[in-house]
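Undergrad: My file is coords18.pdb. It has PDB, C-alpha atoms:
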ATOM      1  CA  MET A 158      68.870  65.159 122.130
ATOM      2  CA  PHE A 159      72.606  64.547 121.805
ATOM      3  CA  LYS A 160      72.298  64.068 118.019
ATOM      4  CA  LEU A 161      70.390  67.351 117.729
ATOM      5  CA  LEU A 162      73.030  69.134 119.795
ATOM      6  CA  SER A 163      75.862  67.623 117.709
ATOM      7  CA  SER A 164      74.164  68.753 114.497
ATOM      8  CA  ALA A 165      73.754  72.294 115.827
ATOM      9  CA  ILE A 166      77.399  72.456 116.859
ATOM     10  CA  LEU A 167      78.618  71.156 113.498
ATOM     11  CA  ALA A 168      76.377  73.640 111.681
ATOM     12  CA  ILE A 169      78.018  76.525 113.552
ATOM     13  CA  LEU A 170      81.638  75.469 113.086
ATOM     14  CA  PRO A 171      81.968  76.580 109.423
ATOM     15  CA  LEU A 172      80.934  80.097 110.476
ATOM     16  CA  GLU A 173      84.318  80.503 112.135
ATOM     17  CA  VAL A 174      85.836  80.842 108.676
ATOM     18  CA  LEU A 175      83.432  83.708 107.917
ATOM     19  CA  ALA A 176      84.414  85.615 111.058
ATOM     20  CA  ALA A 177      87.555  87.129 109.507
ATOM     21  CA  SER A 178      87.718  90.818 110.268
ATOM     22  CA  ALA A 179      87.122  93.381 107.527
ATOM     23  CA  VAL A 180      90.055  95.400 106.221
ATOM     24  CA  SER A 181      90.042  99.179 105.789
ATOM     25  CA  PRO A 182      90.281 100.310 102.159
ATOM     26  CA  VAL A 183      93.616 101.687 100.943
ATOM     27  CA  ILE A 184      94.705 103.819  98.008
ATOM     28  CA  ASP A 185      98.188 102.964  96.783
ATOM     29  CA  VAL A 186     100.230 105.361  94.671
ATOM     30  CA  PRO A 187     103.330 103.246  93.974
ATOM     31  CA  GLU A 188     105.106 105.728  91.692
ATOM     32  CA  ALA A 189     104.779 109.490  91.602
ATOM     33  CA  VAL A 190     106.876 112.590  91.138
ATOM     34  CA  GLY A 191     106.665 115.575  93.467
ATOM     35  CA  THR A 192     108.172 118.945  92.590
ATOM     36  CA  PHE A 193     109.275 121.548  95.117
ATOM     37  CA  VAL A 194     109.120 125.261  94.315
ATOM     38  CA  SER A 195     109.519 128.216  96.654
ATOM     39  CA  TYR A 196     108.900 131.949  96.507
ATOM     40  CA  ASN A 197     109.193 134.707  99.141
ATOM     41  CA  GLY A 198     109.641 132.341 102.081
ATOM     42  CA  TYR A 199     106.847 129.942 101.109
ATOM     43  CA  GLY A 200     107.163 126.493  99.582
ATOM     44  CA  ASP A 201     104.905 124.283  97.500
ATOM     45  CA  PHE A 202     105.307 120.568  96.996
ATOM     46  CA  LEU A 203     103.113 119.364  94.146
ATOM     47  CA  SER A 204     102.383 115.967  92.628
ATOM     48  CA  SER A 205      99.715 115.422  89.990
ATOM     49  CA  SER A 206      98.329 112.762  87.659
ATOM     50  CA  ALA A 207      99.852 109.841  89.568
ATOM     51  CA  LEU A 208      98.251 106.498  88.761
ATOM     52  CA  ALA A 209      96.614 105.065  91.879
ATOM     53  CA  THR A 210      95.326 101.603  92.659
ATOM     54  CA  SER A 211      92.583 100.531  95.032
ATOM     55  CA  GLN A 212      93.119  97.922  97.707
ATOM     56  CA  ASP A 213      90.302  96.217  99.598
ATOM     57  CA  PHE A 214      87.597  97.988  97.595
ATOM     58  CA  SER A 215      86.638  97.658  93.966
ATOM     59  CA  PHE A 216      86.520 100.511  91.496
ATOM     60  CA  GLU A 217      85.954 100.519  87.748
ATOM     61  CA  GLY A 218      88.306 102.616  85.628
ATOM     62  CA  GLU A 219      91.612 104.315  86.320
ATOM     63  CA  LEU A 220      92.222 106.413  89.408
ATOM     64  CA  PHE A 221      94.596 109.384  89.429
ATOM     65  CA  ALA A 222      95.912 111.092  92.549
ATOM     66  CA  GLU A 223      96.930 114.689  93.086
ATOM     67  CA  LEU A 224      98.677 116.089  96.141
ATOM     68  CA  SER A 225      99.428 119.702  96.995
ATOM     69  CA  LEU A 226     101.300 120.906 100.080
ATOM     70  CA  ASN A 227     102.092 124.543 100.848
ATOM     71  CA  PHE A 228     103.956 125.854 103.870
ATOM     72  CA  ASP A 229     106.000 128.667 105.385
ATOM     73  CA  LEU A 230     109.671 127.712 105.036
ATOM     74  CA  ALA A 231     110.442 129.112 108.520
ATOM     75  CA  ASP A 232     107.972 126.719 110.226
ATOM     76  CA  PRO A 233     106.681 124.224 107.649
ATOM     77  CA  TYR A 234     105.013 121.703 109.962
ATOM     78  CA  ALA A 235     102.984 124.234 111.927
ATOM     79  CA  SER A 236     101.923 126.260 108.875
ATOM     80  CA  ALA A 237     101.210 123.509 106.344
ATOM     81  CA  GLY A 238      98.091 123.493 104.207
ATOM     82  CA  GLY A 239      97.081 121.585 101.123
ATOM     83  CA  PHE A 240      94.830 118.901  99.720
ATOM     84  CA  PHE A 241      94.602 115.354  98.383
ATOM     85  CA  ASP A 242      92.404 114.590  95.394
ATOM     86  CA  LEU A 243      91.548 111.261  93.752
ATOM     87  CA  SER A 244      89.796 111.393  90.414
ATOM     88  CA  ASN A 245      88.365 109.130  87.757
ATOM     89  CA  ASP A 246      87.729 110.401  84.228
ATOM     90  CA  GLY A 247      88.181 114.001  85.398
ATOM     91  CA  LYS A 248      85.636 113.650  88.242
ATOM     92  CA  THR A 249      86.756 113.855  91.879
ATOM     93  CA  VAL A 250      85.794 110.667  93.731
ATOM     94  CA  LEU A 251      87.676 111.347  96.998
ATOM     95  CA  GLU A 252      89.185 114.521  98.440
ATOM     96  CA  GLY A 253      90.466 115.906 101.711
ATOM     97  CA  MET A 254      92.046 119.045 103.165
ATOM     98  CA  LEU A 255      95.375 118.797 105.000
ATOM     99  CA  SER A 256      94.931 119.159 108.750
ATOM    100  CA  SER A 257      98.318 117.976 110.051
ATOM    101  CA  LEU A 258     101.770 117.067 108.835
ATOM    102  CA  ALA A 259     104.606 115.357 110.715
ATOM    103  CA  PRO A 260     108.115 114.348 109.636
ATOM    104  CA  GLN A 261     109.775 110.959 109.903
ATOM    105  CA  THR A 262     112.994 109.709 108.350
ATOM    106  CA  ASN A 263     112.600 110.067 104.561
ATOM    107  CA  MET A 264     108.837 110.318 104.890
ATOM    108  CA  LEU A 265     105.901 112.484 105.899
ATOM    109  CA  LEU A 266     102.781 111.501 107.820
ATOM    110  CA  LEU A 267      99.794 113.545 106.676
ATOM    111  CA  MET A 268      96.230 113.735 107.915
ATOM    112  CA  PHE A 269      93.369 115.043 105.791
ATOM    113  CA  THR A 270      89.911 116.032 107.039
ATOM    114  CA  GLU A 271      86.845 117.534 105.343
ATOM    115  CA  VAL A 272      86.717 114.322 103.318
ATOM    116  CA  GLY A 273      84.310 114.340 100.372
ATOM    117  CA  GLY A 274      83.478 112.578  97.112
ATOM    118  CA  GLU A 275      81.568 109.423  96.241
ATOM    119  CA  LEU A 276      84.147 107.187  97.989
ATOM    120  CA  ALA A 277      84.103 109.217 101.225
ATOM    121  CA  SER A 278      81.693 106.825 102.967
ATOM    122  CA  LEU A 279      84.212 103.984 102.506
ATOM    123  CA  PHE A 280      87.039 105.982 104.088
ATOM    124  CA  GLY A 281      85.323 107.928 106.882
ATOM    125  CA  ASP A 282      85.967 111.486 107.989
ATOM    126  CA  THR A 283      89.782 111.314 108.059
ATOM    127  CA  LEU A 284      92.401 110.179 105.551
ATOM    128  CA  VAL A 285      95.875 109.208 106.778
ATOM    129  CA  MET A 286      98.744 109.268 104.280
ATOM    130  CA  GLU A 287     102.260 107.860 104.545
ATOM    131  CA  LEU A 288     104.338 109.633 101.903
ATOM    132  CA  SER A 289     107.802 108.172 101.298
ATOM    133  CA  PHE A 290     110.656 109.921  99.504
ATOM    134  CA  LEU A 291     112.835 107.528  97.528
ATOM    135  CA  ASP A 292     115.711 110.012  97.953
ATOM    136  CA  ALA A 293     117.423 110.127 101.347
ATOM    137  CA  LEU A 294     116.139 113.385 102.866
ATOM    138  CA  GLY A 295     116.779 112.580 106.527
ATOM    139  CA  ASP A 296     114.628 113.283 109.573
ATOM    140  CA  ASP A 297     113.256 116.608 108.266
ATOM    141  CA  PRO A 298     112.242 116.020 104.638
ATOM    142  CA  LEU A 299     110.709 119.462 104.050
ATOM    143  CA  ALA A 300     113.897 121.253 105.169
ATOM    144  CA  ALA A 301     115.957 119.079 102.811
ATOM    145  CA  LEU A 302     113.937 119.931  99.669
ATOM    146  CA  THR A 303     115.805 121.908  97.003
ATOM    147  CA  GLU A 304     114.154 124.642  94.905
ATOM    148  CA  GLY A 305     113.027 123.471  91.461
ATOM    149  CA  THR A 306     113.856 119.817  92.128
ATOM    150  CA  SER A 307     111.584 116.854  91.393
ATOM    151  CA  TYR A 308     111.549 113.888  93.763
ATOM    152  CA  ASP A 309     110.415 110.296  93.283
ATOM    153  CA  ILE A 310     107.790 109.469  95.891
ATOM    154  CA  ASN A 311     105.152 106.877  96.701
ATOM    155  CA  TYR A 312     102.322 106.941  99.189
ATOM    156  CA  LEU A 313      99.487 105.034 100.785
ATOM    157  CA  VAL A 314      96.195 106.577 101.895
ATOM    158  CA  GLU A 315      93.973 104.844 104.433
ATOM    159  CA  GLY A 316      90.653 105.950 105.862
ATOM    160  CA  SER A 317      89.466 106.212 109.432
ATOM    161  CA  VAL A 318      86.519 103.824 109.028
ATOM    162  CA  GLN A 319      86.910 100.968 111.469
ATOM    163  CA  PRO A 320      85.509  97.586 110.519
ATOM    164  CA  ALA A 321      82.349  96.602 112.372
ATOM    165  CA  PRO A 322      82.954  94.097 115.150
ATOM    166  CA  VAL A 323      82.289  90.549 114.036
ATOM    167  CA  PRO A 324      80.579  88.292 116.564
ATOM    168  CA  LEU A 325      82.662  85.297 117.424
ATOM    169  CA  PRO A 326      81.029  82.036 116.376
ATOM    170  CA  ALA A 327      82.911  80.379 119.206
ATOM    171  CA  GLY A 328      80.553  82.235 121.580
ATOM    172  CA  GLY A 329      77.592  80.493 119.952
ATOM    173  CA  LEU A 330      79.444  77.197 120.134
ATOM    174  CA  LEU A 331      80.144  77.719 123.817
ATOM    175  CA  LEU A 332      76.497  78.568 124.490
ATOM    176  CA  LEU A 333      75.248  75.481 122.660
ATOM    177  CA  SER A 334      77.809  73.300 124.415
ATOM    178  CA  GLY A 335      76.631  74.583 127.772
ATOM    179  CA  LEU A 336      72.990  73.974 126.878
ATOM    180  CA  GLY A 337      73.905  70.487 125.689
ATOM    181  CA  LEU A 338      75.664  69.706 128.967
ATOM    182  CA  LEU A 339      72.623  70.905 130.905
ATOM    183  CA  ALA A 340      70.373  68.692 128.760
ATOM    184  CA  LEU A 341      72.665  65.692 129.314
ATOM    185  CA  ARG A 342      72.735  66.352 133.042
ATOM    186  CA  GLN A 343      68.931  66.521 133.108
ATOM    187  CA  ARG A 344      68.716  63.288 131.133
ATOM    188  CA  PHE A 345      71.086  61.437 133.497
ATOM    189  CA  LYS A 346      69.096  62.716 136.490
ATOM    190  CA  GLN A 347      65.894  61.267 135.028
ATOM    191  CA  THR A 348      67.462  57.855 134.354
ATOM    192  CA  ALA A 349      69.054  57.629 137.801
TER     193      ALA A 349
END
As structure tokens, how would this structure be written, given the file I've shared?
TA:
Amino acid sequence: MFKLLSSAILAILPLEVLAASAVSPVIDVPEAVGTFVSYNGYGDFLSSSALATSQDFSFEGELFAELSLNFDLADPYASAGGFFDLSNDGKTVLEGMLSSLAPQTNMLLLMFTEVGGELASLFGDTLVMELSFLDALGDDPLAALTEGTSYDINYLVEGSVQPAPVPLPAGGLLLLSGLGLLALRQRFKQTA
């Protein structure tokens, strides 16, 4: 009985290596240029044809990202609209509509909903973007933008899909250990 129990325990131990948690997929746009233009109190910040790379998911071919933000200059964070688009060979594979925008020092935090495209199931119903300005724009990047100026930026996009919980193999090990101890106890009772 003890040999059988030992074999079962040893068979479970390698599973611990397989219990690593899954990682959410990420789109990385390491180098891009965004241009700011304004007209009649409204501003647009546009970035197109930026080469993107995939992290934690595989994709054949080149990915290109496009970002468009538009806002009222008097209250840019409350009035912001726009979209994010990821394409391959001219076909949109992931897209989302801007639902919120918040400033941080030299960066913007953006949230996109109405997610669509063939990669949407990997990312879930919300995309979260961290857009960094390589220029020092301070705590309110949109207010610091200058008409007709291009800015070097980079950004990461992550989905809202949470990895499925992975059962802990240690739980199985604990259960088998307990059963083994009960079997040993029963065996010692019989011999005594």
Undergrad: Considering all atoms listed in the file, state which residue in the set A:Phe240, A:Phe228, A:Phe216, A:Tyr312 is at the smallest distance from A:Asn197.
TA: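 Using all atoms listed in the file, the shortest distance to A:Asn197 belongs to A:Phe228.
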Undergrad: Skip A:Met264 itself and residues of its chain fewer than 3 positions away, then list as JSON, numbers by chain all residues within 9 Å of it, counting all atoms listed in the file.
TA: {"A": [259, 260, 261, 287, 288, 289, 290, 291, 294, 295, 296, 297, 298]}
Undergrad: Go through the shown structure with the PyMOL selection byres ((chain A and resi 278) around 12) and write out the matching residues as a ChimeraX atom specification.
TA: /A:181-182,214,250-252,272-277,279-284,316-319
Undergrad: Calculate how many Å separate atom CA of A:Thr192 from atom CA of A:Glu271, rounding to one decimal.
TA: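 Going from atom CA of A:Thr192 over to atom CA of A:Glu271, I get 24.9 Å.
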Undergrad: Which neighbours of A:Gly191 fall inside 9 Å, counting all atoms listed in the file, when residues of the same chain fewer than 5 positions from it are skipped, and could you give them as an MDAnalysis selection string?
TA: chainID A and resid 202:205 224 306:310
Undergrad: Given only C-alpha atoms as the basis, pick out the residue of A:Leu266, A:Met286, A:Met254, A:Val314 nearest to A:Asn227.
TA: A:Met254
